[in-house]
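Worksheet: the structure to be examined is printed underneath.
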Amino acid sequence: AYVYRALSHQALGDMKKAKADLERALVFQPTHLGANTYRAQLYLQEGETARALEQMQVLRMVCGDSDCAELNALERDINAAGKKKKSGE
């Protein structure tokens with residue numbers, strides 16, 4: 001429930017409440033794939049690439065040896081953010 005509420009807050013532009021709800025979700029289930037993914041995406045939205053990379057490491061542990069679409073998408077997003085930063089966008 002906290003993850004869905006966080007997504008609602010994010011859609012409404014309230015990142016503070018979105019982060020708080022993701023934190024609550026992760027207290028109850030630290031390996032929640034969606035909560036960890038959305039948390040990394042929030043970091044990227046706020047330009048906190050280093051924190052998104054840290055969160056990506058959590059996703060690597062959660063996904064294990066499986067092919068994880070969320071992890072693959074996050075890696076693409078982080079790489080794209082790095083390219084934008086280098087080009088000065």
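Residues in the structure tokens are numbered from 1 in each chain, the chains being A, B, ... in the order shown, and ligands are numbered from 1 in the order shown.
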Report task. Name all residues at most 12 Å from stretch 74-80 of chain A (count only C-alpha atoms; drop same-chain ones fewer than 3 positions away) and give them as a ChimeraX atom specification. Result -> /A:33-34,36-45,47-60,68-71,83-87,89
What does the file look like for those residues with N, CA, C and O atoms, as a CSV table (one decimal), in the first residue's frame?
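part_13.csv was written with the following content:
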```
chain,number,residue,atom,x,y,z
A,33,LEU,N,11.0,-5.2,-4.6
A,33,LEU,CA,11.6,-4.9,-5.9
A,33,LEU,C,11.0,-3.5,-6.4
A,33,LEU,O,11.8,-2.6,-6.8
A,34,GLY,N,9.7,-3.3,-6.3
A,34,GLY,CA,9.1,-2.1,-6.7
A,34,GLY,C,9.6,-0.9,-5.9
A,34,GLY,O,9.9,0.2,-6.5
A,36,ASN,N,12.3,-0.5,-4.1
A,36,ASN,CA,13.7,-0.2,-4.4
A,36,ASN,C,13.9,0.5,-5.8
A,36,ASN,O,14.7,1.4,-5.9
A,37,THR,N,13.1,0.0,-6.7
A,37,THR,CA,13.2,0.6,-8.1
A,37,THR,C,12.7,2.0,-8.1
A,37,THR,O,13.4,2.9,-8.6
A,38,TYR,N,11.6,2.3,-7.5
A,38,TYR,CA,11.0,3.6,-7.5
A,38,TYR,C,11.9,4.6,-6.7
A,38,TYR,O,12.0,5.8,-7.0
A,39,ARG,N,12.5,4.1,-5.6
A,39,ARG,CA,13.4,4.9,-4.8
A,39,ARG,C,14.6,5.4,-5.7
A,39,ARG,O,14.9,6.5,-5.7
A,40,ALA,N,15.1,4.5,-6.5
A,40,ALA,CA,16.2,4.8,-7.3
A,40,ALA,C,15.8,5.8,-8.4
A,40,ALA,O,16.5,6.8,-8.7
A,41,GLN,N,14.6,5.6,-8.9
A,41,GLN,CA,14.1,6.6,-9.9
A,41,GLN,C,13.9,8.0,-9.3
A,41,GLN,O,14.1,9.0,-10.0
A,42,LEU,N,13.4,8.0,-8.1
A,42,LEU,CA,13.3,9.3,-7.4
A,42,LEU,C,14.6,10.0,-7.3
A,42,LEU,O,14.7,11.2,-7.5
A,43,TYR,N,15.6,9.2,-6.9
A,43,TYR,CA,17.0,9.8,-6.8
A,43,TYR,C,17.4,10.4,-8.2
A,43,TYR,O,18.0,11.5,-8.2
A,44,LEU,N,17.1,9.6,-9.2
A,44,LEU,CA,17.5,10.1,-10.6
A,44,LEU,C,16.8,11.4,-10.9
A,44,LEU,O,17.4,12.3,-11.5
A,45,GLN,N,15.5,11.4,-10.6
A,45,GLN,CA,14.7,12.6,-10.9
A,45,GLN,C,15.3,13.8,-10.2
A,45,GLN,O,15.2,15.0,-10.7
A,47,GLY,N,18.4,14.3,-9.5
A,47,GLY,CA,19.7,14.5,-9.9
A,47,GLY,C,20.8,13.9,-9.0
A,47,GLY,O,21.9,14.2,-9.0
A,48,GLU,N,20.3,13.0,-8.1
A,48,GLU,CA,21.2,12.3,-7.2
A,48,GLU,C,21.6,11.0,-7.8
A,48,GLU,O,21.3,9.9,-7.3
A,49,THR,N,22.5,11.0,-8.8
A,49,THR,CA,22.9,9.8,-9.5
A,49,THR,C,23.7,8.9,-8.6
A,49,THR,O,23.5,7.7,-8.7
A,50,ALA,N,24.5,9.4,-7.7
A,50,ALA,CA,25.3,8.6,-6.8
A,50,ALA,C,24.4,7.7,-6.0
A,50,ALA,O,24.6,6.5,-5.7
A,51,ARG,N,23.3,8.4,-5.5
A,51,ARG,CA,22.4,7.6,-4.6
A,51,ARG,C,21.6,6.6,-5.4
A,51,ARG,O,21.3,5.5,-4.9
A,52,ALA,N,21.3,6.9,-6.7
A,52,ALA,CA,20.6,6.0,-7.6
A,52,ALA,C,21.5,4.8,-7.8
A,52,ALA,O,21.1,3.6,-7.9
A,53,LEU,N,22.8,5.0,-8.0
A,53,LEU,CA,23.8,3.9,-8.2
A,53,LEU,C,23.8,3.0,-6.9
A,53,LEU,O,23.9,1.8,-7.0
A,54,GLU,N,23.8,3.6,-5.8
A,54,GLU,CA,23.8,2.8,-4.5
A,54,GLU,C,22.5,2.0,-4.5
A,54,GLU,O,22.6,0.8,-4.1
A,55,GLN,N,21.4,2.6,-4.9
A,55,GLN,CA,20.2,1.8,-4.9
A,55,GLN,C,20.2,0.7,-5.9
A,55,GLN,O,19.6,-0.3,-5.7
A,56,MET,N,20.9,0.9,-7.0
A,56,MET,CA,21.0,-0.1,-8.0
A,56,MET,C,21.8,-1.3,-7.5
A,56,MET,O,21.4,-2.5,-7.8
A,57,GLN,N,22.7,-1.1,-6.6
A,57,GLN,CA,23.4,-2.2,-5.9
A,57,GLN,C,22.4,-3.0,-5.1
A,57,GLN,O,22.5,-4.3,-5.0
A,58,VAL,N,21.5,-2.4,-4.4
A,58,VAL,CA,20.5,-3.1,-3.7
A,58,VAL,C,19.6,-3.9,-4.6
A,58,VAL,O,19.3,-5.1,-4.3
A,59,LEU,N,19.3,-3.4,-5.8
A,59,LEU,CA,18.5,-4.1,-6.7
A,59,LEU,C,19.3,-5.3,-7.2
A,59,LEU,O,18.7,-6.4,-7.5
A,60,ARG,N,20.6,-5.2,-7.4
A,60,ARG,CA,21.4,-6.3,-7.8
A,60,ARG,C,21.3,-7.5,-6.8
A,60,ARG,O,21.2,-8.6,-7.2
A,68,CYS,N,16.5,-9.4,-14.5
A,68,CYS,CA,15.6,-8.5,-13.8
A,68,CYS,C,15.3,-7.3,-14.7
A,68,CYS,O,16.2,-6.5,-14.9
A,69,ALA,N,14.1,-7.2,-15.2
A,69,ALA,CA,13.8,-6.1,-16.1
A,69,ALA,C,13.9,-4.7,-15.4
A,69,ALA,O,14.3,-3.7,-16.0
A,70,GLU,N,13.6,-4.7,-14.1
A,70,GLU,CA,13.7,-3.4,-13.4
A,70,GLU,C,15.1,-3.0,-13.3
A,70,GLU,O,15.4,-1.8,-13.4
A,71,LEU,N,16.0,-3.9,-13.0
A,71,LEU,CA,17.4,-3.6,-12.9
A,71,LEU,C,18.0,-3.1,-14.3
A,71,LEU,O,18.7,-2.1,-14.4
A,83,LYS,N,24.8,10.6,-19.6
A,83,LYS,CA,25.1,11.2,-20.9
A,83,LYS,C,24.5,12.6,-20.9
A,83,LYS,O,25.2,13.5,-21.5
A,84,LYS,N,23.4,12.8,-20.4
A,84,LYS,CA,22.8,14.1,-20.3
A,84,LYS,C,23.7,15.1,-19.6
A,84,LYS,O,23.9,16.2,-19.9
A,85,LYS,N,24.2,14.6,-18.4
A,85,LYS,CA,25.0,15.4,-17.6
A,85,LYS,C,26.3,15.8,-18.3
A,85,LYS,O,26.8,17.0,-18.3
A,86,LYS,N,26.9,14.9,-19.1
A,86,LYS,CA,28.1,15.2,-19.8
A,86,LYS,C,27.9,16.2,-20.9
A,86,LYS,O,28.7,17.0,-21.3
A,87,SER,N,26.7,16.1,-21.6
A,87,SER,CA,26.4,17.0,-22.7
A,87,SER,C,25.9,18.3,-22.2
A,87,SER,O,25.7,19.2,-23.0
A,89,GLU,N,23.0,19.1,-20.7
A,89,GLU,CA,21.5,19.3,-20.7
A,89,GLU,C,21.0,19.6,-19.4
A,89,GLU,O,21.4,19.2,-18.4
```
Query raised in the report: Which neighbours of stretch 21-27 of chain A fall inside 6 Å, counting only C-alpha atoms, when residues of the same chain fewer than 5 positions from it are skipped, and could you give them as an MDAnalysis selection string?
Result: chainID A and resid 2:3 6 35
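The spacing separating atom CA of A:Cys63 from atom CA of A:Lys16 amounts to 26.9 Å.
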Report task. Write down as a PyMOL selection string the residues of chain A whose backbone DSSP state falls under alpha helix (DSSP H). Result -> chain A and resi 2-11+15-28+33-45+49-63+69-87
Report summary line: Between A:Gly64, A:Ala73, A:Ala1, A:Ala81, smallest distance to A:Thr31 by only C-alpha atoms belongs to A:Gly64
Report task. Please measure the separation of atom CA of A:Asn72 and atom CA of A:Ala11, giving the value in Å to one decimal. Result -> 22.8 Å
